[in-house]
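K.L.:
Handing over my_file.cif, mmCIF, C-alpha atoms.
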data_protein
#
loop_
_atom_site.label_atom_id
_atom_site.label_comp_id
_atom_site.auth_asym_id
_atom_site.auth_seq_id
_atom_site.Cartn_x
_atom_site.Cartn_y
_atom_site.Cartn_z
CA MET A 10 31.10 -27.31 -41.81
CA ALA A 11 34.37 -27.22 -43.77
CA LYS A 12 37.84 -28.42 -42.87
CA VAL A 13 40.61 -25.98 -41.96
CA TYR A 14 44.06 -26.49 -43.46
CA LEU A 15 47.02 -25.40 -41.33
CA VAL A 16 49.57 -24.84 -44.07
CA GLY A 17 53.30 -24.24 -43.96
CA ALA A 18 54.33 -21.62 -46.52
CA GLY A 19 58.04 -22.35 -46.20
CA PRO A 20 60.92 -20.07 -45.20
CA GLY A 21 60.56 -17.21 -47.69
CA ASP A 22 61.54 -18.34 -51.17
CA PRO A 23 58.14 -18.88 -52.85
CA GLU A 24 59.54 -21.80 -54.87
CA LEU A 25 60.08 -23.77 -51.68
CA ILE A 26 56.36 -24.26 -51.01
CA THR A 27 55.03 -27.79 -51.42
CA LEU A 28 52.58 -28.83 -54.12
CA LYS A 29 49.99 -29.71 -51.49
CA ALA A 30 50.34 -26.29 -49.83
CA GLN A 31 49.90 -24.58 -53.18
CA LYS A 32 46.74 -26.62 -53.80
CA CYS A 33 45.36 -25.47 -50.44
CA ILE A 34 45.95 -21.86 -51.48
CA GLN A 35 44.27 -22.41 -54.85
CA GLU A 36 41.15 -24.03 -53.39
CA ALA A 37 40.63 -21.84 -50.33
CA ASP A 38 37.60 -19.60 -49.88
CA VAL A 39 39.39 -17.79 -47.04
CA ILE A 40 43.13 -17.44 -46.40
CA LEU A 41 44.45 -16.18 -43.07
CA TYR A 42 48.14 -15.43 -43.60
CA ASP A 43 51.09 -14.35 -41.46
CA ARG A 44 53.63 -11.54 -41.85
CA LEU A 45 56.45 -13.86 -42.95
CA VAL A 46 54.46 -15.46 -45.78
CA ASN A 47 55.80 -14.42 -49.17
CA LYS A 48 52.98 -12.41 -50.77
CA ALA A 49 53.77 -13.95 -54.16
CA LEU A 50 52.13 -17.15 -52.90
CA LEU A 51 48.78 -15.37 -52.63
CA GLU A 52 48.78 -14.92 -56.41
CA HIS A 53 47.77 -18.59 -56.64
CA ALA A 54 44.50 -17.91 -54.80
CA LYS A 55 41.06 -17.65 -56.42
CA PRO A 56 39.98 -14.16 -57.53
CA ASP A 57 37.13 -14.07 -55.02
CA VAL A 58 39.10 -15.37 -52.06
CA ASP A 59 38.90 -13.47 -48.76
CA LEU A 60 42.41 -12.57 -47.58
CA VAL A 61 42.84 -11.92 -43.85
CA PHE A 62 46.21 -10.59 -42.65
CA CYS A 63 47.19 -11.97 -39.24
CA GLY A 64 50.71 -10.56 -39.01
CA LYS A 65 52.75 -10.54 -35.83
CA HIS A 66 55.90 -8.57 -35.09
CA PRO A 67 58.28 -9.73 -32.34
CA GLN A 68 57.12 -6.97 -29.97
CA PHE A 69 53.67 -6.27 -31.39
CA HIS A 70 50.82 -8.58 -32.38
CA ILE A 71 48.59 -6.92 -34.95
CA VAL A 72 46.03 -9.69 -34.45
CA LYS A 73 45.93 -11.60 -31.18
CA GLN A 74 46.06 -15.39 -31.27
CA GLU A 75 42.65 -15.63 -29.64
CA THR A 76 41.19 -13.54 -32.47
CA ILE A 77 42.81 -15.77 -35.08
CA ASN A 78 41.34 -18.85 -33.39
CA HIS A 79 37.91 -17.20 -33.38
CA LEU A 80 38.13 -16.35 -37.09
CA LEU A 81 39.16 -19.89 -38.04
CA VAL A 82 36.14 -21.28 -36.20
CA LYS A 83 33.78 -18.66 -37.61
CA TYR A 84 34.74 -19.21 -41.25
CA ALA A 85 34.72 -23.00 -40.91
CA LYS A 86 31.20 -22.92 -39.40
CA GLN A 87 30.10 -20.94 -42.46
CA GLY A 88 31.02 -23.99 -44.55
CA ARG A 89 33.92 -22.25 -46.26
CA THR A 90 37.25 -23.88 -47.09
CA VAL A 91 39.82 -22.19 -44.87
CA THR A 92 43.59 -22.13 -45.34
CA ARG A 93 45.67 -20.86 -42.45
CA LEU A 94 48.94 -19.94 -44.15
CA LYS A 95 51.94 -19.75 -41.84
CA GLY A 96 55.61 -19.04 -42.46
CA GLY A 97 57.85 -22.10 -42.24
CA ASP A 98 56.09 -25.09 -40.69
CA PRO A 99 52.86 -24.80 -38.67
CA TYR A 100 54.17 -27.01 -35.87
CA VAL A 101 57.65 -25.47 -35.55
CA PHE A 102 57.18 -22.33 -33.43
CA GLY A 103 54.11 -21.58 -35.53
CA ARG A 104 51.39 -22.03 -32.89
CA GLY A 105 49.63 -24.41 -35.26
CA ALA A 106 48.99 -26.86 -32.43
CA GLU A 107 47.08 -24.18 -30.50
CA GLU A 108 44.92 -23.49 -33.55
CA ALA A 109 44.25 -27.20 -34.08
CA GLU A 110 43.13 -27.47 -30.45
CA ALA A 111 40.87 -24.42 -30.75
CA LEU A 112 39.21 -25.93 -33.80
CA ALA A 113 38.84 -29.35 -32.18
CA ARG A 114 37.06 -27.80 -29.19
CA HIS A 115 34.37 -26.69 -31.66
CA GLY A 116 34.22 -30.06 -33.39
CA ILE A 117 36.05 -28.77 -36.47
CA LYS A 118 38.57 -30.99 -38.22
CA SER A 119 41.92 -29.59 -39.30
CA GLU A 120 44.68 -30.95 -41.49
CA VAL A 121 48.32 -29.95 -41.16
CA VAL A 122 50.32 -29.44 -44.35
CA PRO A 123 53.98 -29.37 -43.31
CA GLY A 124 56.29 -26.68 -44.62
CA ILE A 125 60.06 -26.33 -44.88
CA THR A 126 61.27 -24.71 -41.68
CA SER A 127 63.83 -21.91 -41.69
CA GLY A 128 66.04 -23.72 -39.18
CA ILE A 129 67.08 -26.05 -42.00
CA ALA A 130 66.45 -23.95 -45.10
CA ALA A 131 68.17 -20.70 -44.09
CA PRO A 132 71.45 -22.44 -43.18
CA ALA A 133 71.29 -24.46 -46.41
CA TYR A 134 70.95 -21.27 -48.47
CA ALA A 135 73.95 -19.93 -46.55
CA ASP A 136 76.01 -23.06 -47.42
CA ILE A 137 75.76 -24.36 -43.86
CA PRO A 138 74.56 -27.95 -43.38
CA VAL A 139 72.90 -28.52 -40.01
CA THR A 140 74.50 -31.99 -39.95
CA HIS A 141 77.78 -33.16 -41.42
CA ARG A 142 79.55 -36.49 -41.02
CA GLU A 143 82.70 -34.80 -39.72
CA LEU A 144 81.35 -31.64 -38.10
CA GLY A 145 78.02 -32.47 -36.50
CA SER A 146 75.75 -35.50 -36.14
CA SER A 147 72.95 -33.87 -34.15
CA PHE A 148 71.00 -30.63 -34.21
CA ALA A 149 68.27 -28.95 -32.17
CA VAL A 150 65.77 -26.21 -32.99
CA ILE A 151 65.37 -23.74 -30.15
CA ALA A 152 63.25 -20.69 -29.43
CA GLY A 153 65.55 -17.74 -28.76
CA HIS A 154 63.10 -16.23 -26.29
CA ARG A 155 60.43 -17.57 -24.00
CA CYS A 156 56.78 -16.72 -24.47
CA LYS A 157 55.25 -14.26 -22.02
CA GLY A 158 54.41 -15.94 -18.72
CA ASN A 159 56.77 -18.89 -19.30
CA ASP A 160 59.51 -18.64 -16.68
CA LYS A 161 61.10 -22.00 -17.46
CA GLU A 162 64.68 -21.37 -18.53
CA ILE A 163 66.19 -23.04 -21.59
CA ASP A 164 68.81 -25.58 -20.49
CA TRP A 165 71.73 -24.09 -22.40
CA LYS A 166 74.24 -26.28 -20.53
CA THR A 167 72.63 -29.53 -21.68
CA LEU A 168 72.29 -28.23 -25.22
CA SER A 169 75.90 -27.08 -25.29
CA GLU A 170 77.22 -30.40 -23.99
CA ASN A 171 75.06 -32.79 -26.01
CA ILE A 172 73.97 -31.17 -29.30
CA ASP A 173 76.41 -30.41 -32.11
CA THR A 174 74.37 -27.76 -33.95
CA LEU A 175 71.91 -25.26 -32.47
CA ALA A 176 69.40 -23.60 -34.81
CA ILE A 177 67.94 -20.72 -32.82
CA TYR A 178 64.76 -18.96 -33.94
CA MET A 179 63.64 -15.48 -32.87
CA GLY A 180 66.85 -14.81 -30.98
CA VAL A 181 68.55 -11.75 -32.47
CA SER A 182 67.38 -9.32 -29.80
CA ASN A 183 68.41 -11.90 -27.18
CA LEU A 184 71.77 -12.75 -28.77
CA PRO A 185 73.99 -11.28 -26.00
CA TYR A 186 72.19 -13.37 -23.39
CA ILE A 187 72.27 -16.53 -25.54
CA CYS A 188 76.02 -16.23 -26.12
CA SER A 189 76.70 -15.50 -22.47
CA GLN A 190 74.69 -18.56 -21.39
CA LEU A 191 76.50 -20.83 -23.84
CA LEU A 192 79.85 -19.51 -22.62
CA LEU A 193 78.81 -20.00 -19.00
CA ALA A 194 77.89 -23.58 -19.97
CA LYS A 195 81.60 -24.04 -20.78
CA GLY A 196 81.09 -23.56 -24.49
CA ARG A 197 84.32 -22.68 -26.29
CA SER A 198 84.69 -18.98 -27.05
CA ASP A 199 85.86 -19.84 -30.58
CA THR A 200 82.73 -21.88 -31.38
CA PRO A 201 81.53 -20.67 -34.82
CA VAL A 202 78.26 -18.77 -35.07
CA ALA A 203 76.32 -17.59 -38.14
CA VAL A 204 73.38 -15.21 -38.18
CA ILE A 205 71.25 -15.37 -41.33
CA GLU A 206 68.91 -12.45 -41.96
CA GLN A 207 65.90 -12.87 -44.30
CA GLY A 208 66.94 -16.45 -45.04
CA THR A 209 66.19 -17.91 -48.51
CA THR A 210 64.97 -14.56 -49.86
CA GLU A 211 66.65 -12.13 -52.24
CA GLU A 212 67.45 -9.95 -49.21
CA GLN A 213 69.36 -12.72 -47.40
CA ARG A 214 72.46 -11.57 -45.51
CA VAL A 215 74.89 -13.74 -43.57
CA VAL A 216 77.35 -12.69 -40.90
CA THR A 217 79.67 -15.09 -39.10
CA GLY A 218 81.82 -14.97 -36.01
CA THR A 219 82.27 -16.87 -32.76
CA LEU A 220 80.50 -16.98 -29.42
CA SER A 221 82.85 -14.26 -28.22
CA THR A 222 82.60 -11.97 -31.28
CA ILE A 223 79.21 -12.44 -32.95
CA VAL A 224 77.29 -9.94 -30.80
CA GLU A 225 79.56 -7.06 -31.85
CA ILE A 226 79.51 -8.22 -35.49
CA VAL A 227 75.70 -8.37 -35.55
CA ASP A 228 75.46 -4.91 -33.95
CA GLU A 229 77.85 -3.39 -36.49
CA ALA A 230 76.00 -5.01 -39.41
CA GLU A 231 72.64 -3.91 -37.94
CA VAL A 232 71.14 -7.35 -38.49
CA LYS A 233 67.38 -7.38 -37.90
CA ASN A 234 64.59 -9.93 -37.53
CA PRO A 235 63.67 -12.28 -39.05
CA ALA A 236 67.02 -13.99 -38.63
CA MET A 237 68.24 -17.48 -37.84
CA ILE A 238 71.18 -18.11 -35.51
CA VAL A 239 73.30 -21.21 -36.11
CA VAL A 240 75.85 -22.29 -33.51
CA GLY A 241 78.30 -25.14 -34.11
CA GLU A 242 81.23 -26.44 -36.08
CA VAL A 243 79.06 -26.87 -39.19
CA VAL A 244 79.30 -23.10 -39.68
CA ARG A 245 82.93 -23.62 -40.74
CA PHE A 246 81.70 -25.49 -43.84
CA ARG A 247 80.61 -22.18 -45.39
CA ALA A 248 84.19 -20.87 -45.45
CA ARG A 249 85.55 -24.26 -46.49
CA LEU A 250 83.26 -24.33 -49.52
CA LYS A 251 84.23 -20.80 -50.50
CA GLU A 252 87.91 -21.75 -50.32
CA MET A 253 87.34 -24.81 -52.52
CA LEU A 254 85.53 -22.72 -55.12
CA ALA A 255 88.29 -20.11 -55.09
CA GLU A 256 90.95 -22.76 -55.59
CA ASP A 257 89.17 -24.63 -58.37
CA PRO A 258 86.74 -22.67 -60.60
CA ALA A 259 85.50 -26.01 -62.00
CA PHE A 260 83.47 -26.36 -58.82
CA SER A 261 81.27 -23.48 -59.95
CA GLY A 262 79.58 -25.84 -62.36
CA PHE A 263 78.69 -28.11 -59.47
CA MET A 264 77.07 -25.25 -57.54
#
As a first step, turn the structure in this file into structure tokens.
P.N.:
Amino acid sequence: MAKVYLVGAGPGDPELITLKAQKCIQEADVILYDRLVNKALLEHAKPDVDLVFCGKHPQFHIVKQETINHLLVKYAKQGRTVTRLKGGDPYVFGRGAEEAEALARHGIKSEVVPGITSGIAAPAYADIPVTHRELGSSFAVIAGHRCKGNDKEIDWKTLSENIDTLAIYMGVSNLPYICSQLLLAKGRSDTPVAVIEQGTTEEQRVVTGTLSTIVEIVDEAEVKNPAMIVVGEVVRFRARLKEMLAEDPAFSGFM
């Protein structure tokens, strides 16, 4: 019986994958990969590798999680080296913990290979630091929607009052509700917000606004998933950096 590697493929830019993750791709007999995995990473795989697409859209799961769990167990019991390749990090909204549990129930060992998560990488590629000594000393990663059957509401009031930067995953379709909840939690209407579409890829787009304006801006720009929402004063750093570069071209060498 082989080990299963639960591997983070990073946020989209294929150069952001770790050396260990790349090794797992190279040595795998079977790779089960998600929709958000950059296909260029699969070029590192062996010629005779079995590639199994396990893509999921926000409103439509091509392969159910239970089926993925079953396949991981089946291939591992065949004695094959299995790499489960997931966008971002397996344990950050990646359901990697559920897969590790499913494997453990069958006596199969798994190893997690962390990946760079989009909640940090996408803002960085948009010139937005999730922390900054002057603008924000804390940040939280948040699911922008609840999974089906989970009625527990996100405590937007506590987040708004205690966390400087909110990095919100899977929230574009829920953006009007998120903004309304943050405003109801006494968030300032002029709090900066950025929405980063296709973060770290060549198709990356960034739109910015405030809690009171971002919904209309996103609608006009027709921003689609996958996209990361960043709420907090750190968003202002993007404009500050652009101003510095415009004032002094010498900074372009630094960038």
K.L.:
Excluding same-chain residues fewer than 4 positions from Gln213 (chain A), what lies within 12 Å of it counting all atoms listed in the file, as a list in words?
P.N.:
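Here the answer would be Pro20, Gly21, Asp22, Ala130, Ala131, Pro132, Ala133, Tyr134, Ala135, Val204, Ile205, Glu206, Gln207, Gly208, Thr209, Val232, Lys233, Asn234, Pro235, Ala236 and Met237 of chain A.
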K.L.:
Kindly indicate which residue among A:Val181, A:Ser189, A:Pro201, A:Leu15 lies nearest to Ala106 (chain A), using all atoms listed in the file for the distances.
P.N.:
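Of A:Val181, A:Ser189, A:Pro201, A:Leu15, the one nearest Ala106 (chain A) is A:Leu15, counting all atoms listed in the file.
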K.L.:
Val16 (chain A): which residues within 9 Å, counting all atoms listed in the file, same-chain residues fewer than 5 positions away excluded, as a list in words?
P.N.:
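My list of contacting residues is Lys29, Ala30, Cys33, Ile34, Thr92, Arg93, Leu94, Lys95, Gly96, Gly97, Asp98, Pro99, Gly105, Glu120, Val121, Val122, Pro123 and Gly124 of chain A.
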K.L.:
Check which residues satisfy the PyMOL selection byres ((chain A and resi 107) around 12) in the file shown, then give them as JSON, numbers by chain.
P.N.:
{"A": [15, 74, 75, 77, 78, 79, 81, 99, 100, 101, 102, 103, 104, 105, 106, 108, 109, 110, 111, 112, 113, 114, 119]}
K.L.:
So which residues touch Glu231 (chain A) within 12 Å, counting all atoms listed in the file, skipping near sequence neighbours fewer than 6 positions away, as a list of chain:residue names?
P.N.:
A:Val181, A:Ser182, A:Val204, A:Glu206, A:Arg214, A:Val215, A:Val216, A:Ile223, A:Val224, A:Glu225
K.L.:
Go through A:Thr90, A:Leu80, A:Val139, A:Pro23 one by one, measure the shortest atom-to-atom distance of each to Glu52 (chain A) using only C-alpha atoms, and give the residue with the smallest value.
P.N.:
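Closest residue, counting only C-alpha atoms: A:Pro23.
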K.L.:
Point out the residue among A:Ile137, A:Leu45, A:Leu50, A:Ala11 with the least atom-to-atom distance to Ile26 (chain A), counting all atoms listed in the file.
P.N.:
A:Leu50
K.L.:
Give the answer as one residue: which of A:Glu162, A:Glu242, A:Asp38, A:Asp199 has the shortest atom-to-atom distance to Gly88 (chain A), using only C-alpha atoms?
P.N.:
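Ranking A:Glu162, A:Glu242, A:Asp38, A:Asp199 by distance to Gly88 (chain A), first place goes to A:Asp38.
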K.L.:
Once the PyMOL selection byres ((chain A and resi 220) around 8) is applied to the coordinates I shared, what remains selected? I want it as number ranges by chain.
P.N.:
A: 188, 191-192, 197-202, 218-219, 221-224
K.L.:
Counting only C-alpha atoms, figure out which residue out of A:Lys195, A:Lys48, A:His115, A:Arg142 gets nearest to Lys166 (chain A).
P.N.:
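Result for the nearest residue to Lys166 (chain A): A:Lys195.
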K.L.:
Please identify all polymer residues within 7 Å of Ser169 (chain A), counting only C-alpha atoms, omitting same-chain residues fewer than 2 positions from it, and present them as a list of chain:residue names.
P.N.:
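Here the qualifying residues turn out to be A:Trp165, A:Lys166, A:Thr167, A:Asn171, A:Ile172, A:Leu191, A:Ala194, A:Gly196.
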K.L.:
Write the residues of the selection above to a file with C-alpha atoms, as a CSV table (one decimal), in the frame of the given file.
P.N.:
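Done, and the output landed in part.csv:
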chain,number,residue,atom,x,y,z
A,165,TRP,CA,71.7,-24.1,-22.4
A,166,LYS,CA,74.2,-26.3,-20.5
A,167,THR,CA,72.6,-29.5,-21.7
A,171,ASN,CA,75.1,-32.8,-26.0
A,172,ILE,CA,74.0,-31.2,-29.3
A,191,LEU,CA,76.5,-20.8,-23.8
A,194,ALA,CA,77.9,-23.6,-20.0
A,196,GLY,CA,81.1,-23.6,-24.5
K.L.:
Quick check, in Å to one decimal: how far apart do CA of Lys118 (chain A) and CA of Pro56 (chain A) lie?
P.N.:
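CA of Pro56 (chain A) lies at a distance of 25.7 Å from CA of Lys118 (chain A).
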K.L.:
Using all atoms listed in the file, can you tell me which of A:Lys12, A:Gln31, A:Thr126, A:Ala149 comes closest to Lys83 (chain A)?
P.N.:
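Closest to Lys83 (chain A) of all the choices is A:Lys12.
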K.L.:
Using Å and a single decimal, report how far CA of Gly17 (chain A) sits from CA of Lys32 (chain A).
P.N.:
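Pair CA of Lys32 (chain A) / CA of Gly17 (chain A) returns 12.1 Å.
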K.L.:
Running the PyMOL selection byres ((chain A and resi 63) around 8) on this model by hand, what would come out? Give it as a ChimeraX atom specification.
P.N.:
/A:41-44,61-62,64-65,71-72,77
K.L.:
Keeping only C-alpha atoms, take the residues you just selected and write them out as a compact mmCIF listing (two decimals), in the frame of the given file.
P.N.:
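Saved the output as result_1.txt:
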# COMPACT_ATOMS: atom_id res chain seq x y z
CA LEU A 41 44.45 -16.18 -43.07
CA TYR A 42 48.14 -15.43 -43.60
CA ASP A 43 51.09 -14.35 -41.46
CA ARG A 44 53.63 -11.54 -41.85
CA VAL A 61 42.84 -11.92 -43.85
CA PHE A 62 46.21 -10.59 -42.65
CA GLY A 64 50.71 -10.56 -39.01
CA LYS A 65 52.75 -10.54 -35.83
CA ILE A 71 48.59 -6.92 -34.95
CA VAL A 72 46.03 -9.69 -34.45
CA ILE A 77 42.81 -15.77 -35.08
K.L.:
One decimal, Å: what's the distance from CA of Pro138 (chain A) over to CA of Phe246 (chain A), could you say?
P.N.:
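Interatomic distance here is 7.6 Å.
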